[in-house]
$ cat work-v2.pdb   # PDB, C-alpha atoms, pLDDT in the B column
ATOM      1  CA  MET S   1     129.467  13.404 132.156  1.00 82.00           C
ATOM      2  CA  LYS S   2     127.303  16.509 131.785  1.00 95.00           C
ATOM      3  CA  VAL S   3     128.244  19.316 129.395  1.00 97.00           C
ATOM      4  CA  THR S   4     126.221  22.408 128.446  1.00 97.00           C
ATOM      5  CA  ASP S   5     126.654  24.815 125.558  1.00 97.00           C
ATOM      6  CA  ARG S   6     124.825  28.039 124.772  1.00 98.00           C
ATOM      7  CA  TRP S   7     124.831  30.294 121.733  1.00 98.00           C
ATOM      8  CA  HIS S   8     122.824  33.045 120.095  1.00 98.00           C
ATOM      9  CA  SER S   9     120.556  31.812 117.324  1.00 98.00           C
ATOM     10  CA  ASP S  10     119.787  34.384 114.654  1.00 97.00           C
ATOM     11  CA  ARG S  11     116.895  32.189 113.513  1.00 97.00           C
ATOM     12  CA  LEU S  12     115.265  32.453 116.932  1.00 97.00           C
ATOM     13  CA  GLY S  13     116.427  35.952 117.803  1.00 96.00           C
ATOM     14  CA  GLN S  14     117.591  34.695 121.212  1.00 96.00           C
ATOM     15  CA  ASP S  15     119.993  32.338 122.941  1.00 97.00           C
ATOM     16  CA  ILE S  16     119.485  28.585 123.032  1.00 98.00           C
ATOM     17  CA  THR S  17     121.077  26.064 125.388  1.00 98.00           C
ATOM     18  CA  VAL S  18     121.941  22.432 124.670  1.00 98.00           C
ATOM     19  CA  ALA S  19     122.864  20.002 127.457  1.00 98.00           C
ATOM     20  CA  ARG S  20     124.534  16.602 127.072  1.00 98.00           C
ATOM     21  CA  TRP S  21     124.849  13.551 129.300  1.00 98.00           C
ATOM     22  CA  GLY S  22     127.130  10.616 128.495  1.00 97.00           C
ATOM     23  CA  THR S  23     130.374  10.023 126.643  1.00 95.00           C
ATOM     24  CA  TYR S  24     129.493   7.746 123.730  1.00 92.00           C
ATOM     25  CA  GLY S  25     126.569   5.896 122.173  1.00 96.00           C
ATOM     26  CA  VAL S  26     123.724   6.672 119.794  1.00 97.00           C
ATOM     27  CA  PRO S  27     122.787  10.373 119.989  1.00 98.00           C
ATOM     28  CA  VAL S  28     119.326  10.814 121.535  1.00 98.00           C
ATOM     29  CA  LEU S  29     117.783  14.307 121.444  1.00 98.00           C
ATOM     30  CA  LEU S  30     115.080  14.916 124.059  1.00 98.00           C
ATOM     31  CA  PHE S  31     112.629  17.788 123.639  1.00 98.00           C
ATOM     32  CA  PRO S  32     111.258  19.328 126.848  1.00 98.00           C
ATOM     33  CA  THR S  33     107.608  19.837 127.672  1.00 97.00           C
ATOM     34  CA  ALA S  34     105.998  23.153 126.731  1.00 93.00           C
ATOM     35  CA  GLY S  35     107.899  25.656 128.861  1.00 89.00           C
ATOM     36  CA  GLY S  36     110.915  23.513 129.683  1.00 96.00           C
ATOM     37  CA  ASP S  37     114.587  24.286 129.268  1.00 98.00           C
ATOM     38  CA  ALA S  38     117.492  22.045 128.291  1.00 98.00           C
ATOM     39  CA  GLU S  39     117.926  20.776 131.850  1.00 98.00           C
ATOM     40  CA  GLU S  40     114.261  20.010 132.547  1.00 98.00           C
ATOM     41  CA  VAL S  41     114.808  16.311 131.796  1.00 98.00           C
ATOM     42  CA  GLU S  42     117.491  16.182 134.494  1.00 98.00           C
ATOM     43  CA  ARG S  43     115.450  18.039 137.132  1.00 98.00           C
ATOM     44  CA  HIS S  44     112.505  15.720 136.524  1.00 98.00           C
ATOM     45  CA  LYS S  45     114.732  12.628 136.855  1.00 98.00           C
ATOM     46  CA  MET S  46     114.441  11.404 133.272  1.00 98.00           C
ATOM     47  CA  ILE S  47     118.230  11.344 132.948  1.00 98.00           C
ATOM     48  CA  ALA S  48     118.431   9.212 136.099  1.00 98.00           C
ATOM     49  CA  HIS S  49     116.025   6.713 134.531  1.00 98.00           C
ATOM     50  CA  LEU S  50     118.097   6.641 131.327  1.00 98.00           C
ATOM     51  CA  MET S  51     121.383   6.206 133.181  1.00 98.00           C
ATOM     52  CA  PRO S  52     121.622   2.432 132.572  1.00 98.00           C
ATOM     53  CA  LEU S  53     121.586   3.129 128.805  1.00 98.00           C
ATOM     54  CA  ILE S  54     124.035   6.018 129.217  1.00 98.00           C
ATOM     55  CA  ASP S  55     126.409   4.057 131.462  1.00 97.00           C
ATOM     56  CA  ALA S  56     126.350   1.118 129.036  1.00 97.00           C
ATOM     57  CA  GLY S  57     127.471   3.409 126.204  1.00 96.00           C
ATOM     58  CA  ARG S  58     124.286   2.782 124.254  1.00 97.00           C
ATOM     59  CA  ALA S  59     122.949   6.361 124.443  1.00 98.00           C
ATOM     60  CA  LYS S  60     124.488   9.816 124.479  1.00 98.00           C
ATOM     61  CA  VAL S  61     121.607  12.053 125.541  1.00 98.00           C
ATOM     62  CA  TYR S  62     121.065  15.683 124.538  1.00 98.00           C
ATOM     63  CA  SER S  63     118.324  18.202 125.261  1.00 98.00           C
ATOM     64  CA  CYS S  64     117.662  21.791 124.194  1.00 98.00           C
ATOM     65  CA  ASP S  65     115.456  24.637 125.381  1.00 98.00           C
ATOM     66  CA  SER S  66     111.804  24.525 124.322  1.00 97.00           C
ATOM     67  CA  VAL S  67     111.926  28.009 122.854  1.00 97.00           C
ATOM     68  CA  ALA S  68     108.658  27.951 120.880  1.00 96.00           C
ATOM     69  CA  GLY S  69     106.850  25.881 123.484  1.00 96.00           C
ATOM     70  CA  LYS S  70     107.707  28.414 126.180  1.00 95.00           C
ATOM     71  CA  ALA S  71     106.386  31.284 124.068  1.00 95.00           C
ATOM     72  CA  MET S  72     103.175  29.320 123.497  1.00 95.00           C
ATOM     73  CA  ALA S  73     102.771  28.388 127.166  1.00 94.00           C
ATOM     74  CA  GLU S  74     103.409  31.929 128.370  1.00 94.00           C
ATOM     75  CA  GLY S  75     101.492  33.715 125.597  1.00 94.00           C
ATOM     76  CA  ILE S  76     104.542  35.675 124.470  1.00 95.00           C
ATOM     77  CA  GLY S  77     103.921  37.900 121.449  1.00 96.00           C
ATOM     78  CA  SER S  78     101.094  37.637 118.931  1.00 96.00           C
ATOM     79  CA  PRO S  79      99.659  34.319 117.692  1.00 95.00           C
ATOM     80  CA  GLU S  80     101.437  34.937 114.387  1.00 96.00           C
ATOM     81  CA  TYR S  81     104.745  35.396 116.221  1.00 96.00           C
ATOM     82  CA  ARG S  82     104.252  32.168 118.154  1.00 96.00           C
ATOM     83  CA  MET S  83     103.506  30.243 114.956  1.00 96.00           C
ATOM     84  CA  ALA S  84     106.567  31.744 113.284  1.00 97.00           C
ATOM     85  CA  LEU S  85     108.664  30.803 116.307  1.00 97.00           C
ATOM     86  CA  PHE S  86     107.690  27.122 116.006  1.00 97.00           C
ATOM     87  CA  ASN S  87     108.817  27.183 112.366  1.00 97.00           C
ATOM     88  CA  ALA S  88     112.069  28.936 113.320  1.00 98.00           C
ATOM     89  CA  PHE S  89     112.628  26.548 116.231  1.00 98.00           C
ATOM     90  CA  HIS S  90     112.433  23.507 113.978  1.00 98.00           C
ATOM     91  CA  GLU S  91     114.814  25.173 111.525  1.00 98.00           C
ATOM     92  CA  ALA S  92     117.224  25.947 114.379  1.00 98.00           C
ATOM     93  CA  VAL S  93     117.128  22.342 115.596  1.00 98.00           C
ATOM     94  CA  ALA S  94     117.890  21.074 112.074  1.00 98.00           C
ATOM     95  CA  SER S  95     120.517  23.691 111.207  1.00 98.00           C
ATOM     96  CA  GLU S  96     122.140  24.369 114.588  1.00 98.00           C
ATOM     97  CA  VAL S  97     121.335  21.829 117.312  1.00 98.00           C
ATOM     98  CA  ILE S  98     121.707  18.607 115.319  1.00 98.00           C
ATOM     99  CA  PRO S  99     124.899  19.838 113.579  1.00 98.00           C
ATOM    100  CA  ALA S 100     126.277  20.607 117.074  1.00 97.00           C
ATOM    101  CA  ILE S 101     125.432  17.022 118.050  1.00 98.00           C
ATOM    102  CA  HIS S 102     127.181  15.758 114.920  1.00 97.00           C
ATOM    103  CA  SER S 103     130.255  17.779 115.839  1.00 97.00           C
ATOM    104  CA  ASP S 104     130.196  16.353 119.358  1.00 96.00           C
ATOM    105  CA  VAL S 105     129.881  12.707 118.271  1.00 95.00           C
ATOM    106  CA  GLY S 106     132.343  13.132 115.406  1.00 93.00           C
ATOM    107  CA  GLY S 107     130.088  12.179 112.520  1.00 92.00           C
ATOM    108  CA  GLN S 108     126.767  12.773 110.843  1.00 91.00           C
ATOM    109  CA  LEU S 109     124.871   9.993 112.600  1.00 89.00           C
ATOM    110  CA  PRO S 110     121.067  10.089 112.446  1.00 91.00           C
ATOM    111  CA  VAL S 111     119.695  10.941 115.888  1.00 98.00           C
ATOM    112  CA  VAL S 112     116.862   9.374 117.817  1.00 98.00           C
ATOM    113  CA  VAL S 113     114.425  12.079 118.907  1.00 98.00           C
ATOM    114  CA  ALA S 114     111.954  11.886 121.765  1.00 98.00           C
ATOM    115  CA  GLY S 115     109.701  14.040 123.894  1.00 98.00           C
ATOM    116  CA  ALA S 116     106.520  14.226 125.913  1.00 98.00           C
ATOM    117  CA  SER S 117     103.506  16.524 125.510  1.00 97.00           C
ATOM    118  CA  ILE S 118     104.680  19.460 123.335  1.00 97.00           C
ATOM    119  CA  GLY S 119     108.050  17.692 123.256  1.00 98.00           C
ATOM    120  CA  ALA S 120     106.314  14.848 121.410  1.00 98.00           C
ATOM    121  CA  PHE S 121     104.960  17.352 118.883  1.00 98.00           C
ATOM    122  CA  ASN S 122     108.485  18.688 118.289  1.00 98.00           C
ATOM    123  CA  ALA S 123     109.960  15.178 117.999  1.00 98.00           C
ATOM    124  CA  LEU S 124     107.303  14.252 115.430  1.00 98.00           C
ATOM    125  CA  ALA S 125     107.744  17.501 113.500  1.00 98.00           C
ATOM    126  CA  ILE S 126     111.548  17.231 113.320  1.00 98.00           C
ATOM    127  CA  THR S 127     111.275  13.638 112.107  1.00 98.00           C
ATOM    128  CA  CYS S 128     108.712  14.452 109.422  1.00 98.00           C
ATOM    129  CA  ARG S 129     110.367  17.680 108.273  1.00 98.00           C
ATOM    130  CA  TYR S 130     113.972  16.454 108.302  1.00 98.00           C
ATOM    131  CA  PRO S 131     113.886  12.648 108.025  1.00 98.00           C
ATOM    132  CA  HIS S 132     117.461  12.597 106.694  1.00 97.00           C
ATOM    133  CA  LEU S 133     118.600  13.747 110.147  1.00 98.00           C
ATOM    134  CA  VAL S 134     116.531  11.338 112.249  1.00 98.00           C
ATOM    135  CA  ASP S 135     116.652   7.592 112.775  1.00 96.00           C
ATOM    136  CA  SER S 136     113.449   7.151 114.801  1.00 98.00           C
ATOM    137  CA  ALA S 137     111.105   9.038 117.125  1.00 98.00           C
ATOM    138  CA  VAL S 138     109.490   8.289 120.479  1.00 98.00           C
ATOM    139  CA  CYS S 139     106.500  10.582 120.968  1.00 98.00           C
ATOM    140  CA  MET S 140     104.894  10.279 124.411  1.00 98.00           C
ATOM    141  CA  SER S 141     101.560  11.716 125.553  1.00 98.00           C
ATOM    142  CA  GLY S 142     101.651  13.979 122.544  1.00 97.00           C
ATOM    143  CA  THR S 143      99.719  17.158 121.934  1.00 92.00           C
ATOM    144  CA  TYR S 144      99.752  17.463 118.152  1.00 96.00           C
ATOM    145  CA  SER S 145      96.994  19.994 117.306  1.00 94.00           C
ATOM    146  CA  ILE S 146      98.841  22.980 118.694  1.00 93.00           C
ATOM    147  CA  GLU S 147      96.717  25.597 116.906  1.00 92.00           C
ATOM    148  CA  LYS S 148      94.119  25.361 119.682  1.00 88.00           C
ATOM    149  CA  PHE S 149      96.743  26.622 122.158  1.00 90.00           C
ATOM    150  CA  ILE S 150      98.040  29.424 119.947  1.00 93.00           C
ATOM    151  CA  GLY S 151      94.883  31.037 118.555  1.00 88.00           C
ATOM    152  CA  GLY S 152      94.852  33.544 115.731  1.00 89.00           C
ATOM    153  CA  ARG S 153      94.473  32.889 112.035  1.00 89.00           C
ATOM    154  CA  PHE S 154      96.125  29.921 110.346  1.00 91.00           C
ATOM    155  CA  THR S 155      99.470  30.858 108.765  1.00 95.00           C
ATOM    156  CA  ASP S 156     102.072  29.250 106.504  1.00 97.00           C
ATOM    157  CA  ASP S 157     104.384  29.048 109.528  1.00 97.00           C
ATOM    158  CA  LEU S 158     101.893  26.815 111.320  1.00 95.00           C
ATOM    159  CA  TYR S 159     101.346  24.733 108.179  1.00 97.00           C
ATOM    160  CA  PHE S 160     105.076  23.984 107.826  1.00 96.00           C
ATOM    161  CA  SER S 161     105.458  23.359 111.580  1.00 97.00           C
ATOM    162  CA  SER S 162     102.546  20.960 111.993  1.00 97.00           C
ATOM    163  CA  PRO S 163     102.772  17.387 110.629  1.00 97.00           C
ATOM    164  CA  LEU S 164      98.990  17.022 110.794  1.00 97.00           C
ATOM    165  CA  HIS S 165      98.797  19.772 108.180  1.00 97.00           C
ATOM    166  CA  PHE S 166     101.835  19.326 105.915  1.00 98.00           C
ATOM    167  CA  LEU S 167     102.080  15.523 105.826  1.00 98.00           C
ATOM    168  CA  PRO S 168      99.065  14.963 103.550  1.00 97.00           C
ATOM    169  CA  ASP S 169     100.849  17.047 100.871  1.00 97.00           C
ATOM    170  CA  LEU S 170     104.306  15.533 101.371  1.00 97.00           C
ATOM    171  CA  GLY S 171     105.890  13.638  98.488  1.00 97.00           C
ATOM    172  CA  GLY S 172     109.181  13.059  96.679  1.00 97.00           C
ATOM    173  CA  PRO S 173     112.520  12.123  98.269  1.00 97.00           C
ATOM    174  CA  ALA S 174     111.535  13.403 101.736  1.00 96.00           C
ATOM    175  CA  LEU S 175     108.575  11.027 101.855  1.00 98.00           C
ATOM    176  CA  ASP S 176     110.715   8.180 100.515  1.00 98.00           C
ATOM    177  CA  THR S 177     113.191   8.742 103.350  1.00 98.00           C
ATOM    178  CA  LEU S 178     110.435   9.112 105.946  1.00 98.00           C
ATOM    179  CA  ARG S 179     109.027   5.740 104.906  1.00 98.00           C
ATOM    180  CA  ARG S 180     112.276   4.207 106.178  1.00 98.00           C
ATOM    181  CA  ARG S 181     111.849   5.704 109.656  1.00 98.00           C
ATOM    182  CA  MET S 182     109.898   4.481 112.698  1.00 98.00           C
ATOM    183  CA  ILE S 183     107.619   6.681 114.801  1.00 98.00           C
ATOM    184  CA  VAL S 184     106.287   5.442 118.146  1.00 98.00           C
ATOM    185  CA  LEU S 185     103.177   7.208 119.447  1.00 98.00           C
ATOM    186  CA  ALA S 186     102.759   6.255 123.102  1.00 98.00           C
ATOM    187  CA  SER S 187     100.109   7.474 125.501  1.00 98.00           C
ATOM    188  CA  GLY S 188      98.388   6.568 128.709  1.00 97.00           C
ATOM    189  CA  SER S 189      94.639   6.829 129.048  1.00 97.00           C
ATOM    190  CA  GLY S 190      94.666   8.125 132.613  1.00 97.00           C
ATOM    191  CA  GLN S 191      94.272  11.665 133.932  1.00 97.00           C
ATOM    192  CA  TRP S 192      95.008  14.468 131.427  1.00 96.00           C
ATOM    193  CA  GLU S 193      95.818  11.970 128.656  1.00 97.00           C
ATOM    194  CA  ASP S 194      94.131  11.814 125.252  1.00 95.00           C
ATOM    195  CA  PRO S 195      95.088   8.749 123.175  1.00 96.00           C
ATOM    196  CA  GLY S 196      92.927  10.179 120.388  1.00 96.00           C
ATOM    197  CA  GLU S 197      95.748  12.623 119.623  1.00 95.00           C
ATOM    198  CA  ALA S 198      98.087   9.717 118.834  1.00 97.00           C
ATOM    199  CA  TRP S 199      95.486   7.929 116.717  1.00 97.00           C
ATOM    200  CA  ALA S 200      94.874  11.098 114.669  1.00 97.00           C
ATOM    201  CA  VAL S 201      98.589  11.294 113.860  1.00 98.00           C
ATOM    202  CA  ALA S 202      98.768   7.558 113.126  1.00 98.00           C
ATOM    203  CA  GLN S 203      95.960   7.915 110.598  1.00 98.00           C
ATOM    204  CA  VAL S 204      97.862  10.614 108.718  1.00 98.00           C
ATOM    205  CA  LEU S 205     101.152   8.697 108.892  1.00 98.00           C
ATOM    206  CA  GLY S 206      99.511   5.460 107.780  1.00 98.00           C
ATOM    207  CA  ALA S 207      97.861   7.115 104.803  1.00 98.00           C
ATOM    208  CA  LYS S 208     101.352   8.114 103.591  1.00 98.00           C
ATOM    209  CA  GLY S 209     102.899   4.686 104.223  1.00 98.00           C
ATOM    210  CA  ILE S 210     105.082   5.903 107.116  1.00 98.00           C
ATOM    211  CA  PRO S 211     105.871   3.193 109.705  1.00 98.00           C
ATOM    212  CA  ASN S 212     104.315   3.930 113.079  1.00 98.00           C
ATOM    213  CA  ARG S 213     102.681   2.303 116.028  1.00 97.00           C
ATOM    214  CA  VAL S 214     100.296   3.530 118.721  1.00 98.00           C
ATOM    215  CA  ASP S 215     100.706   2.142 122.237  1.00 98.00           C
ATOM    216  CA  ASP S 216      98.045   2.878 124.861  1.00 97.00           C
ATOM    217  CA  TRP S 217      99.537   2.086 128.268  1.00 98.00           C
ATOM    218  CA  GLY S 218      96.128   2.174 129.912  1.00 98.00           C
ATOM    219  CA  PRO S 219      94.290   4.116 132.635  1.00 98.00           C
ATOM    220  CA  ALA S 220      97.007   3.704 135.275  1.00 98.00           C
ATOM    221  CA  TYR S 221      99.247   6.046 133.268  1.00 98.00           C
ATOM    222  CA  LYS S 222      98.522   9.771 133.421  1.00 98.00           C
ATOM    223  CA  HIS S 223     100.074  12.788 131.743  1.00 98.00           C
ATOM    224  CA  ASP S 224     103.062  13.099 134.064  1.00 98.00           C
ATOM    225  CA  TRP S 225     106.742  12.284 134.457  1.00 98.00           C
ATOM    226  CA  PRO S 226     106.350   8.860 136.144  1.00 98.00           C
ATOM    227  CA  THR S 227     104.567   7.677 132.969  1.00 98.00           C
ATOM    228  CA  TRP S 228     107.410   8.914 130.793  1.00 98.00           C
ATOM    229  CA  TRP S 229     110.041   7.441 133.158  1.00 98.00           C
ATOM    230  CA  GLU S 230     108.651   4.009 132.262  1.00 98.00           C
ATOM    231  CA  MET S 231     107.979   4.647 128.587  1.00 98.00           C
ATOM    232  CA  LEU S 232     111.206   6.166 127.310  1.00 98.00           C
ATOM    233  CA  PRO S 233     113.753   3.655 128.693  1.00 98.00           C
ATOM    234  CA  THR S 234     111.527   0.825 127.416  1.00 98.00           C
ATOM    235  CA  TYR S 235     111.385   2.183 123.875  1.00 98.00           C
ATOM    236  CA  LEU S 236     115.027   3.224 123.716  1.00 98.00           C
ATOM    237  CA  ASP S 237     116.091  -0.214 124.901  1.00 98.00           C
ATOM    238  CA  ASP S 238     114.201  -1.538 121.873  1.00 96.00           C
ATOM    239  CA  LEU S 239     115.470   1.014 119.355  1.00 96.00           C
ATOM    240  CA  LEU S 240     119.146   1.328 120.308  1.00 96.00           C
ATOM    241  CA  PRO S 241     121.813  -1.249 119.419  1.00 93.00           C
TER     242      PRO S 241
END

$ encode --input "work-v2.pdb" --output "structure tokens"
Amino acid sequence: MKVTDRWHSDRLGQDITVARWGTYGVPVLLFPTAGGDAEEVERHKMIAHLMPLIDAGRAKVYSCDSVAGKAMAEGIGSPEYRMALFNAFHEAVASEVIPAIHSDVGGQLPVVVAGASIGAFNALAITCRYPHLVDSAVCMSGTYSIEKFIGGRFTDDLYFSSPLHFLPDLGGPALDTLRRRMIVLASGSGQWEDPGEAWAVAQVLGAKGIPNRVDDWGPAYKHDWPTWWEMLPTYLDDLLP
């Protein structure tokens, strides 16, 4: 049931890997945490927790390397390079990864995107930047103000990568499409969690009329995989036919 593919992305200036689990169902693209690769979700047992949805043919799950998140986590290059890489990563997902998913499923179906921590940031950004490609987003334990982890001066690359910055200026057909999407912002309030990050995003989304909801799972849920094992299957069960 598992297939992997790897190619060189000129946008990123490096290779990127995409992994897939399942044979049919709604395409679900999972973004890894900051330094994760395409198989992180399998090693950390998220795929095992999604297996009932996969086995039932409701979800066909994909994941790709967290190229920009890894550069941020490891301090690769200058701050300007790391900001540019986030912009390029989102462009690569929209122009390479999602078209590869479309080719695999045999049609241009909107995908459900999801992720935790920096993966939640990427899921939110892809949804807001390319709403024509996305059906809905599940953003868990999100870190959305990434500039504090990158440093350096604010650049256009960061502006276009960060929904907190570009959404207030968004209008036209892209906003019209985005208003027909659903964004879930889930968080615990236990160790290493900050529900305030989700509320800050919800305020920006709400001001633009974009459907969203914030769920605080409470102090028993910390910033770790067992929290996300419970969250993601619950939300996907709701969102998928």

$ resolve_selection --input "work-v2.pdb" --expression "the PyMOL selection byres ((chain S and resi 181) around 7)" --output "PDB file with C-alpha atoms, in the frame of the given file"
ATOM      1  CA  ASP S 135     116.652   7.592 112.775  1.00 96.00           C
ATOM      2  CA  SER S 136     113.449   7.151 114.801  1.00 98.00           C
ATOM      3  CA  LEU S 178     110.435   9.112 105.946  1.00 98.00           C
ATOM      4  CA  ARG S 179     109.027   5.740 104.906  1.00 98.00           C
ATOM      5  CA  ARG S 180     112.276   4.207 106.178  1.00 98.00           C
ATOM      6  CA  MET S 182     109.898   4.481 112.698  1.00 98.00           C
ATOM      7  CA  ILE S 183     107.619   6.681 114.801  1.00 98.00           C
ATOM      8  CA  PRO S 211     105.871   3.193 109.705  1.00 98.00           C
TER       9      PRO S 211
END

$ resolve_selection --input "work-v2.pdb" --expression "the PyMOL selection byres ((chain S and resi 175) around 12)" --output "PyMOL selection string"
chain S and resi 127-132+166-174+176-181+205+207-211

$ resolve_selection --input "work-v2.pdb" --expression "the PyMOL selection byres ((chain S and resi 25) around 6)" --output "tab-separated table (two decimals) with C-alpha atoms, keeping the file's coordinate frame"
chain	number	residue	atom	x	y	z
S	24	TYR	CA	129.49	7.75	123.73
S	26	VAL	CA	123.72	6.67	119.79
S	57	GLY	CA	127.47	3.41	126.20
S	58	ARG	CA	124.29	2.78	124.25
S	59	ALA	CA	122.95	6.36	124.44
S	60	LYS	CA	124.49	9.82	124.48

$ residues_around --input "work-v2.pdb" --residues "range 2-11 of chain S" --least-positions-apart "2" --cutoff "9 Å" --atoms "only C-alpha atoms" --output "PyMOL selection string"
chain S and resi 13-23+38+85+88-89+91-92+96

$ atom_distance --input "work-v2.pdb" --atom1 "CA of Leu236 in chain S" --atom2 "CA of Val105 in chain S"
18.4 Å

$ closest_residue --input "work-v2.pdb" --among "S:Ala56, S:Gly151, S:Gly69, S:Met140" --to "Pro195 in chain S" --atoms "all atoms listed in the file"
S:Met140

$ atom_distance --input "work-v2.pdb" --atom1 "CA of Trp217 in chain S" --atom2 "CA of Asp194 in chain S"
11.5 Å

$ atom_distance --input "work-v2.pdb" --atom1 "CA of Pro163 in chain S" --atom2 "CA of Pro241 in chain S"
28.1 Å

$ closest_residue --input "work-v2.pdb" --among "S:Ile54, S:Met72, S:Met46, S:Leu158" --to "Trp225 in chain S" --atoms "all atoms listed in the file"
S:Met46

$ closest_residue --input "work-v2.pdb" --among "S:Leu239, S:Val93, S:Met1, S:Cys139" --to "Ile47 in chain S" --atoms "all atoms listed in the file"
S:Met1
